[in-house]
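Enquirer: For reference, this is input19.pdb, and it has PDB, C-alpha atoms and all ligand atoms.
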ATOM      1  CA  MET Y 161     -14.249  16.414  12.683  1.00  0.00           C
ATOM      2  CA  LYS Y 162     -11.613  13.716  12.557  1.00  0.00           C
ATOM      3  CA  ARG Y 163     -10.433  12.723   9.069  1.00  0.00           C
ATOM      4  CA  ASN Y 164      -9.690   9.077   8.503  1.00  0.00           C
ATOM      5  CA  ALA Y 165      -7.972   7.751   5.406  1.00  0.00           C
ATOM      6  CA  VAL Y 166      -7.596   4.278   3.958  1.00  0.00           C
ATOM      7  CA  TYR Y 167      -4.468   3.328   2.043  1.00  0.00           C
ATOM      8  CA  PRO Y 168      -5.376   0.177   0.094  1.00  0.00           C
ATOM      9  CA  GLY Y 169      -3.027  -2.133  -1.782  1.00  0.00           C
ATOM     10  CA  THR Y 170      -1.674  -5.631  -2.009  1.00  0.00           C
ATOM     11  CA  PHE Y 171       1.545  -4.923  -0.083  1.00  0.00           C
ATOM     12  CA  ASP Y 172       3.150  -8.140  -1.323  1.00  0.00           C
ATOM     13  CA  PRO Y 173       5.396  -7.276   0.466  1.00  0.00           C
ATOM     14  CA  ILE Y 174       5.467  -3.788   2.012  1.00  0.00           C
ATOM     15  CA  THR Y 175       8.391  -1.728   0.632  1.00  0.00           C
ATOM     16  CA  ASN Y 176      10.225   1.447   1.649  1.00  0.00           C
ATOM     17  CA  GLY Y 177       8.094   3.218  -0.971  1.00  0.00           C
ATOM     18  CA  HIS Y 178       4.890   2.132   0.795  1.00  0.00           C
ATOM     19  CA  HIS Y 179       6.412   3.200   4.132  1.00  0.00           C
ATOM     20  CA  ASP Y 180       7.256   6.633   2.757  1.00  0.00           C
ATOM     21  CA  LEU Y 181       3.676   7.067   1.572  1.00  0.00           C
ATOM     22  CA  VAL Y 182       2.126   5.900   4.851  1.00  0.00           C
ATOM     23  CA  ARG Y 183       4.337   8.317   6.789  1.00  0.00           C
ATOM     24  CA  ARG Y 184       3.183  11.193   4.589  1.00  0.00           C
ATOM     25  CA  ALA Y 185      -0.474  10.183   4.898  1.00  0.00           C
ATOM     26  CA  ALA Y 186      -0.132   9.854   8.684  1.00  0.00           C
ATOM     27  CA  SER Y 187       1.083  13.447   8.913  1.00  0.00           C
ATOM     28  CA  ILE Y 188      -1.948  14.715   6.976  1.00  0.00           C
ATOM     29  CA  PHE Y 189      -4.826  12.615   8.354  1.00  0.00           C
ATOM     30  CA  ASP Y 190      -5.902  11.886  11.920  1.00  0.00           C
ATOM     31  CA  ARG Y 191      -5.921   8.157  11.351  1.00  0.00           C
ATOM     32  CA  VAL Y 192      -4.654   6.002   8.477  1.00  0.00           C
ATOM     33  CA  VAL Y 193      -5.804   2.438   7.930  1.00  0.00           C
ATOM     34  CA  VAL Y 194      -3.442   0.480   5.716  1.00  0.00           C
ATOM     35  CA  ALA Y 195      -5.866  -1.922   4.048  1.00  0.00           C
ATOM     36  CA  ILE Y 196      -4.248  -5.034   2.663  1.00  0.00           C
ATOM     37  CA  ALA Y 197      -6.352  -6.658  -0.018  1.00  0.00           C
ATOM     38  CA  ALA Y 198      -6.592 -10.441  -0.058  1.00  0.00           C
ATOM     39  CA  ASN Y 199      -6.392 -10.190  -3.880  1.00  0.00           C
ATOM     40  CA  PRO Y 200      -6.341 -13.921  -4.654  1.00  0.00           C
ATOM     41  CA  ASN Y 201      -6.490 -13.150  -8.406  1.00  0.00           C
ATOM     42  CA  LYS Y 202      -2.994 -11.590  -8.133  1.00  0.00           C
ATOM     43  CA  THR Y 203      -1.683 -14.913  -6.627  1.00  0.00           C
ATOM     44  CA  PRO Y 204       0.434 -13.155  -4.001  1.00  0.00           C
ATOM     45  CA  MET Y 205       3.831 -14.463  -2.890  1.00  0.00           C
ATOM     46  CA  PHE Y 206       2.924 -13.945   0.778  1.00  0.00           C
ATOM     47  CA  PRO Y 207      -0.381 -15.063   2.301  1.00  0.00           C
ATOM     48  CA  LEU Y 208      -2.614 -12.263   3.585  1.00  0.00           C
ATOM     49  CA  GLU Y 209      -1.782 -12.919   7.265  1.00  0.00           C
ATOM     50  CA  LYS Y 210       1.948 -12.629   6.539  1.00  0.00           C
ATOM     51  CA  ARG Y 211       1.512  -9.407   4.542  1.00  0.00           C
ATOM     52  CA  VAL Y 212      -0.502  -7.922   7.422  1.00  0.00           C
ATOM     53  CA  ASP Y 213       2.038  -9.099  10.006  1.00  0.00           C
ATOM     54  CA  LEU Y 214       5.012  -7.637   8.092  1.00  0.00           C
ATOM     55  CA  ALA Y 215       3.240  -4.314   7.520  1.00  0.00           C
ATOM     56  CA  ARG Y 216       2.326  -4.093  11.233  1.00  0.00           C
ATOM     57  CA  GLN Y 217       5.950  -4.584  12.232  1.00  0.00           C
ATOM     58  CA  VAL Y 218       7.313  -2.166   9.636  1.00  0.00           C
ATOM     59  CA  LEU Y 219       4.768   0.550  10.538  1.00  0.00           C
ATOM     60  CA  ALA Y 220       4.832   0.041  14.314  1.00  0.00           C
ATOM     61  CA  ASP Y 221       6.521   3.427  14.849  1.00  0.00           C
ATOM     62  CA  LEU Y 222       3.538   5.353  13.454  1.00  0.00           C
ATOM     63  CA  ALA Y 223       1.029   5.881  16.256  1.00  0.00           C
ATOM     64  CA  ASN Y 224      -2.016   6.851  14.176  1.00  0.00           C
ATOM     65  CA  VAL Y 225      -1.604   4.014  11.656  1.00  0.00           C
ATOM     66  CA  GLU Y 226      -3.440   0.704  11.748  1.00  0.00           C
ATOM     67  CA  VAL Y 227      -3.027  -2.305   9.447  1.00  0.00           C
ATOM     68  CA  MET Y 228      -5.944  -4.529   8.478  1.00  0.00           C
ATOM     69  CA  GLY Y 229      -6.601  -7.221   5.902  1.00  0.00           C
ATOM     70  CA  TYR Y 230      -9.756  -7.072   3.780  1.00  0.00           C
ATOM     71  CA  SER Y 231     -11.556  -8.541   0.840  1.00  0.00           C
ATOM     72  CA  GLY Y 232     -14.371  -6.933  -1.081  1.00  0.00           C
ATOM     73  CA  LEU Y 233     -14.730  -3.404  -2.355  1.00  0.00           C
ATOM     74  CA  THR Y 234     -12.319  -0.767  -1.075  1.00  0.00           C
ATOM     75  CA  VAL Y 235     -15.124   1.837  -0.890  1.00  0.00           C
ATOM     76  CA  ASP Y 236     -17.132  -0.530   1.345  1.00  0.00           C
ATOM     77  CA  PHE Y 237     -14.100  -1.037   3.580  1.00  0.00           C
ATOM     78  CA  ALA Y 238     -13.566   2.737   3.750  1.00  0.00           C
ATOM     79  CA  ARG Y 239     -17.192   3.375   4.706  1.00  0.00           C
ATOM     80  CA  GLN Y 240     -17.098   0.656   7.369  1.00  0.00           C
ATOM     81  CA  HIS Y 241     -14.083   2.381   8.933  1.00  0.00           C
ATOM     82  CA  GLN Y 242     -15.490   5.910   8.750  1.00  0.00           C
ATOM     83  CA  ALA Y 243     -12.881   6.934   6.188  1.00  0.00           C
ATOM     84  CA  SER Y 244     -13.774   9.565   3.604  1.00  0.00           C
ATOM     85  CA  VAL Y 245     -10.427   9.462   1.811  1.00  0.00           C
ATOM     86  CA  ILE Y 246      -8.611   6.791  -0.170  1.00  0.00           C
ATOM     87  CA  VAL Y 247      -4.860   7.353  -0.474  1.00  0.00           C
ATOM     88  CA  ARG Y 248      -2.965   6.032  -3.487  1.00  0.00           C
ATOM     89  CA  GLY Y 249       0.583   6.535  -4.696  1.00  0.00           C
ATOM     90  CA  LEU Y 250       1.940   7.822  -7.984  1.00  0.00           C
ATOM     91  CA  ARG Y 251       5.506   6.832  -8.859  1.00  0.00           C
ATOM     92  CA  ALA Y 252       5.587   7.762 -12.528  1.00  0.00           C
ATOM     93  CA  VAL Y 253       3.318   8.593 -15.445  1.00  0.00           C
ATOM     94  CA  SER Y 254       2.927   4.851 -15.979  1.00  0.00           C
ATOM     95  CA  ASP Y 255       0.904   4.612 -12.740  1.00  0.00           C
ATOM     96  CA  PHE Y 256      -1.437   7.364 -13.825  1.00  0.00           C
ATOM     97  CA  GLU Y 257      -3.732   5.589 -16.255  1.00  0.00           C
ATOM     98  CA  PHE Y 258      -4.694   2.756 -13.929  1.00  0.00           C
ATOM     99  CA  GLU Y 259      -4.923   4.999 -10.868  1.00  0.00           C
ATOM    100  CA  PHE Y 260      -7.111   7.494 -12.744  1.00  0.00           C
ATOM    101  CA  GLN Y 261      -9.454   4.710 -13.841  1.00  0.00           C
ATOM    102  CA  LEU Y 262      -9.611   3.302 -10.315  1.00  0.00           C
ATOM    103  CA  ALA Y 263     -10.278   6.708  -8.736  1.00  0.00           C
ATOM    104  CA  ASN Y 264     -13.109   7.399 -11.166  1.00  0.00           C
ATOM    105  CA  MET Y 265     -14.635   3.981 -10.568  1.00  0.00           C
ATOM    106  CA  SER Y 266     -14.430   4.494  -6.792  1.00  0.00           C
ATOM    107  CA  ARG Y 267     -16.218   7.826  -7.198  1.00  0.00           C
ATOM    108  CA  HIS Y 268     -18.986   6.129  -9.182  1.00  0.00           C
ATOM    109  CA  LEU Y 269     -19.354   3.523  -6.445  1.00  0.00           C
ATOM    110  CA  ASP Y 270     -19.389   6.104  -3.648  1.00  0.00           C
ATOM    111  CA  ARG Y 271     -19.384   9.799  -4.495  1.00  0.00           C
ATOM    112  CA  ASP Y 272     -18.651  10.821  -0.908  1.00  0.00           C
ATOM    113  CA  ILE Y 273     -15.203   9.230  -0.898  1.00  0.00           C
ATOM    114  CA  GLU Y 274     -12.297  11.184  -2.396  1.00  0.00           C
ATOM    115  CA  THR Y 275      -9.116   9.618  -3.736  1.00  0.00           C
ATOM    116  CA  VAL Y 276      -5.970  11.535  -2.860  1.00  0.00           C
ATOM    117  CA  PHE Y 277      -2.609  10.902  -4.547  1.00  0.00           C
ATOM    118  CA  LEU Y 278       0.736  11.226  -2.855  1.00  0.00           C
ATOM    119  CA  THR Y 279       4.185  10.969  -4.399  1.00  0.00           C
ATOM    120  CA  PRO Y 280       7.171   9.422  -2.637  1.00  0.00           C
ATOM    121  CA  GLN Y 281      10.618  10.896  -2.180  1.00  0.00           C
ATOM    122  CA  GLU Y 282      12.526  10.471  -5.470  1.00  0.00           C
ATOM    123  CA  GLN Y 283      14.710   7.644  -4.219  1.00  0.00           C
ATOM    124  CA  PHE Y 284      11.595   5.445  -3.841  1.00  0.00           C
ATOM    125  CA  THR Y 285      10.002   6.128  -7.215  1.00  0.00           C
ATOM    126  CA  PHE Y 286      11.415   3.012  -8.856  1.00  0.00           C
ATOM    127  CA  ILE Y 287      10.416   0.569  -6.106  1.00  0.00           C
ATOM    128  CA  SER Y 288       7.513  -1.807  -6.680  1.00  0.00           C
ATOM    129  CA  SER Y 289       6.588  -4.979  -4.828  1.00  0.00           C
ATOM    130  CA  SER Y 290       6.684  -6.980  -8.049  1.00  0.00           C
ATOM    131  CA  LEU Y 291      10.261  -5.928  -8.833  1.00  0.00           C
ATOM    132  CA  ILE Y 292      11.315  -6.683  -5.266  1.00  0.00           C
ATOM    133  CA  ARG Y 293       9.771 -10.170  -5.490  1.00  0.00           C
ATOM    134  CA  GLU Y 294      11.565 -10.780  -8.772  1.00  0.00           C
ATOM    135  CA  ILE Y 295      14.926  -9.703  -7.331  1.00  0.00           C
ATOM    136  CA  ALA Y 296      14.393 -11.967  -4.318  1.00  0.00           C
ATOM    137  CA  VAL Y 297      13.445 -15.027  -6.365  1.00  0.00           C
ATOM    138  CA  LEU Y 298      16.531 -14.518  -8.541  1.00  0.00           C
ATOM    139  CA  GLY Y 299      18.741 -14.373  -5.444  1.00  0.00           C
ATOM    140  CA  GLY Y 300      19.395 -10.621  -5.388  1.00  0.00           C
ATOM    141  CA  GLU Y 301      19.750  -8.385  -2.330  1.00  0.00           C
ATOM    142  CA  THR Y 302      16.595  -6.445  -1.371  1.00  0.00           C
ATOM    143  CA  ARG Y 303      17.831  -4.812   1.857  1.00  0.00           C
ATOM    144  CA  GLU Y 304      18.104  -1.395   0.229  1.00  0.00           C
ATOM    145  CA  PHE Y 305      14.431  -1.354  -0.743  1.00  0.00           C
ATOM    146  CA  VAL Y 306      12.581  -2.994   2.142  1.00  0.00           C
ATOM    147  CA  HIS Y 307      12.716  -3.185   5.951  1.00  0.00           C
ATOM    148  CA  PRO Y 308      15.252  -5.766   7.248  1.00  0.00           C
ATOM    149  CA  ILE Y 309      12.482  -8.075   8.518  1.00  0.00           C
ATOM    150  CA  VAL Y 310      10.938  -8.070   5.033  1.00  0.00           C
ATOM    151  CA  ALA Y 311      14.338  -8.715   3.431  1.00  0.00           C
ATOM    152  CA  ALA Y 312      14.771 -11.710   5.741  1.00  0.00           C
ATOM    153  CA  GLU Y 313      11.360 -13.102   4.713  1.00  0.00           C
ATOM    154  CA  LEU Y 314      12.201 -12.579   1.042  1.00  0.00           C
ATOM    155  CA  LYS Y 315      15.455 -14.516   1.426  1.00  0.00           C
ATOM    156  CA  LYS Y 316      13.395 -17.592   2.336  1.00  0.00           C
ATOM    157  CA  ARG Y 317      11.532 -17.336  -0.995  1.00  0.00           C
ATOM    158  CA  LYS Y 318      14.581 -17.617  -3.196  1.00  0.00           C
ATOM    159  CA  ALA Y 319      13.913 -20.003  -6.089  1.00  0.00           C
TER     160      ALA Y 319
HETATM  161  N1  LIG Y 401       7.408   3.096  -4.264  1.00  0.00           N
HETATM  162  C1  LIG Y 401       6.194   3.618  -4.227  1.00  0.00           C
HETATM  163  N2  LIG Y 401       6.015   4.944  -4.157  1.00  0.00           N
HETATM  164  C2  LIG Y 401       4.773   5.479  -4.172  1.00  0.00           C
HETATM  165  N3  LIG Y 401       3.643   4.786  -4.247  1.00  0.00           N
HETATM  166  C3  LIG Y 401       3.761   3.460  -4.309  1.00  0.00           C
HETATM  167  C4  LIG Y 401       5.033   2.798  -4.304  1.00  0.00           C
HETATM  168  N4  LIG Y 401       4.821   1.454  -4.389  1.00  0.00           N
HETATM  169  C5  LIG Y 401       3.498   1.309  -4.464  1.00  0.00           C
HETATM  170  N5  LIG Y 401       2.846   2.489  -4.419  1.00  0.00           N
HETATM  171  C6  LIG Y 401       1.417   2.752  -4.479  1.00  0.00           C
HETATM  172  O1  LIG Y 401       0.789   2.073  -3.418  1.00  0.00           O
HETATM  173  C7  LIG Y 401      -0.503   1.616  -3.797  1.00  0.00           C
HETATM  174  C8  LIG Y 401      -0.612   0.133  -3.507  1.00  0.00           C
HETATM  175  O2  LIG Y 401       0.296  -0.524  -4.331  1.00  0.00           O
HETATM  176  P1  LIG Y 401       0.581  -2.078  -4.338  1.00  0.00           P
HETATM  177  O3  LIG Y 401       0.380  -2.664  -3.001  1.00  0.00           O
HETATM  178  O4  LIG Y 401      -0.105  -2.684  -5.493  1.00  0.00           O
HETATM  179  O5  LIG Y 401       2.170  -2.035  -4.573  1.00  0.00           O
HETATM  180  P2  LIG Y 401       2.979  -2.216  -5.915  1.00  0.00           P
HETATM  181  O6  LIG Y 401       4.393  -1.898  -5.578  1.00  0.00           O
HETATM  182  O7  LIG Y 401       2.345  -1.460  -7.026  1.00  0.00           O
HETATM  183  O8  LIG Y 401       2.842  -3.770  -6.118  1.00  0.00           O
HETATM  184  P3  LIG Y 401       2.849  -4.617  -7.486  1.00  0.00           P
HETATM  185  O9  LIG Y 401       4.170  -4.332  -8.119  1.00  0.00           O
HETATM  186  O10 LIG Y 401       2.670  -6.010  -7.021  1.00  0.00           O
HETATM  187  O11 LIG Y 401       1.688  -4.080  -8.291  1.00  0.00           O
HETATM  188  C9  LIG Y 401      -0.654   1.994  -5.275  1.00  0.00           C
HETATM  189  O12 LIG Y 401      -1.357   3.214  -5.374  1.00  0.00           O
HETATM  190  C10 LIG Y 401       0.774   2.192  -5.742  1.00  0.00           C
HETATM  191  O13 LIG Y 401       0.851   3.112  -6.809  1.00  0.00           O
HETATM  192 MG    MG Y 402       0.888  -2.098  -8.352  1.00  0.00          MG
END
Take the structure in the file and write it out as structure tokens.

Expert:
Amino acid sequence: MKRNAVYPGTFDPITNGHHDLVRRAASIFDRVVVAIAANPNKTPMFPLEKRVDLARQVLADLANVEVMGYSGLTVDFARQHQASVIVRGLRAVSDFEFEFQLANMSRHLDRDIETVFLTPQEQFTFISSSLIREIAVLGGETREFVHPIVAAELKKRKA
């Protein structure tokens, strides 16, 4: 049986940390759907279409990876795409509490879907989209933390 996984997030924008995680997931599962949540309550810097477009370009080298936008419950999205696994990332202990809560809630919503946690290579553990956005708005250089096409987009958002 083929195993499909969904990797949900806001990806506002996709970082080298996200890329590292997708690459790991793609080597474990037959197919990985990177599911980009509309998340209007987070008031994203990039509109959904742009976040999807950037992620598609950044992840183009991974053959068994697909990028899709979605709104609604992640477990519903997973079921619709025949995925039995949700992939999430853990950077530090600080991620644990929220991720643990989310994983338990997902299990209550659909007990057939398992959440699996992956950790990135150490050099990516301090990268978050929110920090990257902050650096960009303040005029800092983000090239070290994101794909060049993302860095170019971020440059346009300087305050
Ligand atoms: N550098 C990273 N290494 C490992 N996992 C990561 C990394 N960045 C994000 N993740 C994980 O990816 C998933 C989706 O995260 P999300 O899209 O919210 O990114 P984020 O960097 O946490 O963004 P924000 O700072 O806006 O919350 C979460 O499980 C998160 O823990
Ligand atoms: Mg986050």

Enquirer: Can you write out as a tab-separated table which residues of chain Y fall within 9 Å of ligand MG 402 (chain Y), alongside each residue's closest atom pair and its distance in Å to one decimal, counting only C-alpha atoms and all ligand atoms and ordering rows by chain and ascending residue number?

Expert:
residue	atom	partner	partner_atom	distance
Y:Gly169	CA	Y:MG402	MG	7.6
Y:Thr170	CA	Y:MG402	MG	7.7
Y:Phe171	CA	Y:MG402	MG	8.8
Y:Asp255	CA	Y:MG402	MG	8.0
Y:Ser288	CA	Y:MG402	MG	6.8
Y:Ser289	CA	Y:MG402	MG	7.3
Y:Ser290	CA	Y:MG402	MG	7.6

Enquirer: List all protein, DNA and RNA residues that have any atom at most 10 Å from ligand LIG 401 (chain Y), counting all atoms listed in the file, and write the list as a PyMOL selection string.

Expert: chain Y and resi 167-182+194-197+199+202-205+246-252+254-256+258-259+262+276-294+305

Enquirer: Would you mind listing what lies within 9 Å of Ser244 in chain Y as a PyMOL selection string, with all atoms listed in the file counted and same-chain residues fewer than 2 positions away left out?

Expert: chain Y and resi 163-166+238-239+241-242+246+272-275

Enquirer: Could you write out the selected residues, including C-alpha atoms, as an mmCIF file, keeping the file's coordinate frame?

Expert:
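Final file, selection-v6.cif:
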data_model
loop_
_atom_site.group_PDB
_atom_site.id
_atom_site.type_symbol
_atom_site.label_atom_id
_atom_site.label_comp_id
_atom_site.auth_asym_id
_atom_site.auth_seq_id
_atom_site.Cartn_x
_atom_site.Cartn_y
_atom_site.Cartn_z
ATOM 1 C CA ARG Y 163 -10.433 12.723 9.069
ATOM 2 C CA ASN Y 164 -9.690 9.077 8.503
ATOM 3 C CA ALA Y 165 -7.972 7.751 5.406
ATOM 4 C CA VAL Y 166 -7.596 4.278 3.958
ATOM 5 C CA ALA Y 238 -13.566 2.737 3.750
ATOM 6 C CA ARG Y 239 -17.192 3.375 4.706
ATOM 7 C CA HIS Y 241 -14.083 2.381 8.933
ATOM 8 C CA GLN Y 242 -15.490 5.910 8.750
ATOM 9 C CA ILE Y 246 -8.611 6.791 -0.170
ATOM 10 C CA ASP Y 272 -18.651 10.821 -0.908
ATOM 11 C CA ILE Y 273 -15.203 9.230 -0.898
ATOM 12 C CA GLU Y 274 -12.297 11.184 -2.396
ATOM 13 C CA THR Y 275 -9.116 9.618 -3.736
#

Enquirer: Step by step, work through what the PyMOL selection byres (((chain Y and resi 218) around 10) and not hetatm) selects in the shown file, and finish by giving those residues as number ranges by chain.

Expert: Y: 174-176, 179, 212-217, 219-222, 306-310

Enquirer: Starting from the PyMOL selection byres (((chain Y and resi 318) around 9) and not hetatm), expand the selection into actual residues of this file and give them as a VMD selection string.

Expert: chain Y and resid 295 to 300 314 to 317 319

Enquirer: Between CA of Pro207 in chain Y and CA of Glu226 in chain Y, what is the spacing in Å?

Expert: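 Atom-to-atom, CA of Glu226 in chain Y and CA of Pro207 in chain Y are spaced 18.6 Å apart.
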
Enquirer: Only N, CA, C and O atoms, as a PDB file, in the first residue's frame: that is what I want for range 205-226 of chain Y.

Expert:
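Final output, saved to result_25.pdb:
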ATOM      1  N   MET Y 205       1.962  37.646   5.403  1.00  0.00           N
ATOM      2  CA  MET Y 205       2.636  38.662   4.596  1.00  0.00           C
ATOM      3  C   MET Y 205       2.384  38.398   3.110  1.00  0.00           C
ATOM      4  O   MET Y 205       2.162  39.319   2.340  1.00  0.00           O
ATOM      5  N   PHE Y 206       2.409  37.135   2.714  1.00  0.00           N
ATOM      6  CA  PHE Y 206       2.207  36.767   1.316  1.00  0.00           C
ATOM      7  C   PHE Y 206       0.824  36.144   1.132  1.00  0.00           C
ATOM      8  O   PHE Y 206       0.419  35.297   1.938  1.00  0.00           O
ATOM      9  N   PRO Y 207       0.111  36.544   0.074  1.00  0.00           N
ATOM     10  CA  PRO Y 207      -1.184  35.909  -0.187  1.00  0.00           C
ATOM     11  C   PRO Y 207      -1.001  34.415  -0.472  1.00  0.00           C
ATOM     12  O   PRO Y 207       0.091  33.987  -0.867  1.00  0.00           O
ATOM     13  N   LEU Y 208      -2.051  33.650  -0.286  1.00  0.00           N
ATOM     14  CA  LEU Y 208      -1.967  32.195  -0.432  1.00  0.00           C
ATOM     15  C   LEU Y 208      -1.350  31.780  -1.776  1.00  0.00           C
ATOM     16  O   LEU Y 208      -0.487  30.908  -1.826  1.00  0.00           O
ATOM     17  N   GLU Y 209      -1.784  32.420  -2.865  1.00  0.00           N
ATOM     18  CA  GLU Y 209      -1.314  32.029  -4.202  1.00  0.00           C
ATOM     19  C   GLU Y 209       0.198  32.206  -4.306  1.00  0.00           C
ATOM     20  O   GLU Y 209       0.899  31.416  -4.928  1.00  0.00           O
ATOM     21  N   LYS Y 210       0.711  33.272  -3.691  1.00  0.00           N
ATOM     22  CA  LYS Y 210       2.152  33.542  -3.732  1.00  0.00           C
ATOM     23  C   LYS Y 210       2.910  32.511  -2.901  1.00  0.00           C
ATOM     24  O   LYS Y 210       3.975  32.029  -3.306  1.00  0.00           O
ATOM     25  N   ARG Y 211       2.366  32.161  -1.729  1.00  0.00           N
ATOM     26  CA  ARG Y 211       3.018  31.170  -0.871  1.00  0.00           C
ATOM     27  C   ARG Y 211       3.087  29.812  -1.570  1.00  0.00           C
ATOM     28  O   ARG Y 211       4.095  29.108  -1.488  1.00  0.00           O
ATOM     29  N   VAL Y 212       2.004  29.476  -2.289  1.00  0.00           N
ATOM     30  CA  VAL Y 212       1.957  28.212  -3.034  1.00  0.00           C
ATOM     31  C   VAL Y 212       2.972  28.255  -4.179  1.00  0.00           C
ATOM     32  O   VAL Y 212       3.754  27.322  -4.379  1.00  0.00           O
ATOM     33  N   ASP Y 213       2.990  29.370  -4.894  1.00  0.00           N
ATOM     34  CA  ASP Y 213       3.886  29.525  -6.046  1.00  0.00           C
ATOM     35  C   ASP Y 213       5.356  29.420  -5.614  1.00  0.00           C
ATOM     36  O   ASP Y 213       6.151  28.718  -6.244  1.00  0.00           O
ATOM     37  N   LEU Y 214       5.714  30.097  -4.536  1.00  0.00           N
ATOM     38  CA  LEU Y 214       7.103  30.062  -4.045  1.00  0.00           C
ATOM     39  C   LEU Y 214       7.481  28.644  -3.612  1.00  0.00           C
ATOM     40  O   LEU Y 214       8.556  28.142  -3.955  1.00  0.00           O
ATOM     41  N   ALA Y 215       6.581  27.990  -2.877  1.00  0.00           N
ATOM     42  CA  ALA Y 215       6.869  26.630  -2.407  1.00  0.00           C
ATOM     43  C   ALA Y 215       7.030  25.676  -3.592  1.00  0.00           C
ATOM     44  O   ALA Y 215       7.922  24.821  -3.602  1.00  0.00           O
ATOM     45  N   ARG Y 216       6.202  25.839  -4.619  1.00  0.00           N
ATOM     46  CA  ARG Y 216       6.312  24.975  -5.815  1.00  0.00           C
ATOM     47  C   ARG Y 216       7.669  25.135  -6.468  1.00  0.00           C
ATOM     48  O   ARG Y 216       8.300  24.161  -6.862  1.00  0.00           O
ATOM     49  N   GLN Y 217       8.136  26.376  -6.574  1.00  0.00           N
ATOM     50  CA  GLN Y 217       9.435  26.612  -7.207  1.00  0.00           C
ATOM     51  C   GLN Y 217      10.580  26.054  -6.364  1.00  0.00           C
ATOM     52  O   GLN Y 217      11.499  25.424  -6.882  1.00  0.00           O
ATOM     53  N   VAL Y 218      10.497  26.294  -5.058  1.00  0.00           N
ATOM     54  CA  VAL Y 218      11.564  25.855  -4.150  1.00  0.00           C
ATOM     55  C   VAL Y 218      11.649  24.323  -4.081  1.00  0.00           C
ATOM     56  O   VAL Y 218      12.731  23.755  -3.954  1.00  0.00           O
ATOM     57  N   LEU Y 219      10.490  23.657  -4.205  1.00  0.00           N
ATOM     58  CA  LEU Y 219      10.445  22.194  -4.029  1.00  0.00           C
ATOM     59  C   LEU Y 219      10.388  21.438  -5.353  1.00  0.00           C
ATOM     60  O   LEU Y 219      10.176  20.220  -5.367  1.00  0.00           O
ATOM     61  N   ALA Y 220      10.624  22.154  -6.454  1.00  0.00           N
ATOM     62  CA  ALA Y 220      10.469  21.555  -7.786  1.00  0.00           C
ATOM     63  C   ALA Y 220      11.383  20.348  -8.009  1.00  0.00           C
ATOM     64  O   ALA Y 220      11.067  19.468  -8.805  1.00  0.00           O
ATOM     65  N   ASP Y 221      12.495  20.287  -7.269  1.00  0.00           N
ATOM     66  CA  ASP Y 221      13.450  19.184  -7.471  1.00  0.00           C
ATOM     67  C   ASP Y 221      13.000  17.876  -6.817  1.00  0.00           C
ATOM     68  O   ASP Y 221      13.617  16.839  -7.039  1.00  0.00           O
ATOM     69  N   LEU Y 222      11.937  17.907  -6.040  1.00  0.00           N
ATOM     70  CA  LEU Y 222      11.492  16.694  -5.346  1.00  0.00           C
ATOM     71  C   LEU Y 222      10.295  16.088  -6.086  1.00  0.00           C
ATOM     72  O   LEU Y 222       9.195  16.628  -6.056  1.00  0.00           O
ATOM     73  N   ALA Y 223      10.552  14.947  -6.737  1.00  0.00           N
ATOM     74  CA  ALA Y 223       9.575  14.376  -7.665  1.00  0.00           C
ATOM     75  C   ALA Y 223       8.278  13.929  -7.005  1.00  0.00           C
ATOM     76  O   ALA Y 223       7.206  14.040  -7.600  1.00  0.00           O
ATOM     77  N   ASN Y 224       8.341  13.413  -5.797  1.00  0.00           N
ATOM     78  CA  ASN Y 224       7.127  12.884  -5.153  1.00  0.00           C
ATOM     79  C   ASN Y 224       6.481  13.894  -4.194  1.00  0.00           C
ATOM     80  O   ASN Y 224       5.781  13.517  -3.267  1.00  0.00           O
ATOM     81  N   VAL Y 225       6.747  15.183  -4.438  1.00  0.00           N
ATOM     82  CA  VAL Y 225       6.185  16.236  -3.588  1.00  0.00           C
ATOM     83  C   VAL Y 225       5.254  17.126  -4.417  1.00  0.00           C
ATOM     84  O   VAL Y 225       5.572  17.495  -5.536  1.00  0.00           O
ATOM     85  N   GLU Y 226       4.123  17.434  -3.826  1.00  0.00           N
ATOM     86  CA  GLU Y 226       3.133  18.296  -4.468  1.00  0.00           C
ATOM     87  C   GLU Y 226       2.808  19.438  -3.507  1.00  0.00           C
ATOM     88  O   GLU Y 226       2.840  19.234  -2.295  1.00  0.00           O
TER      89      GLU Y 226
END
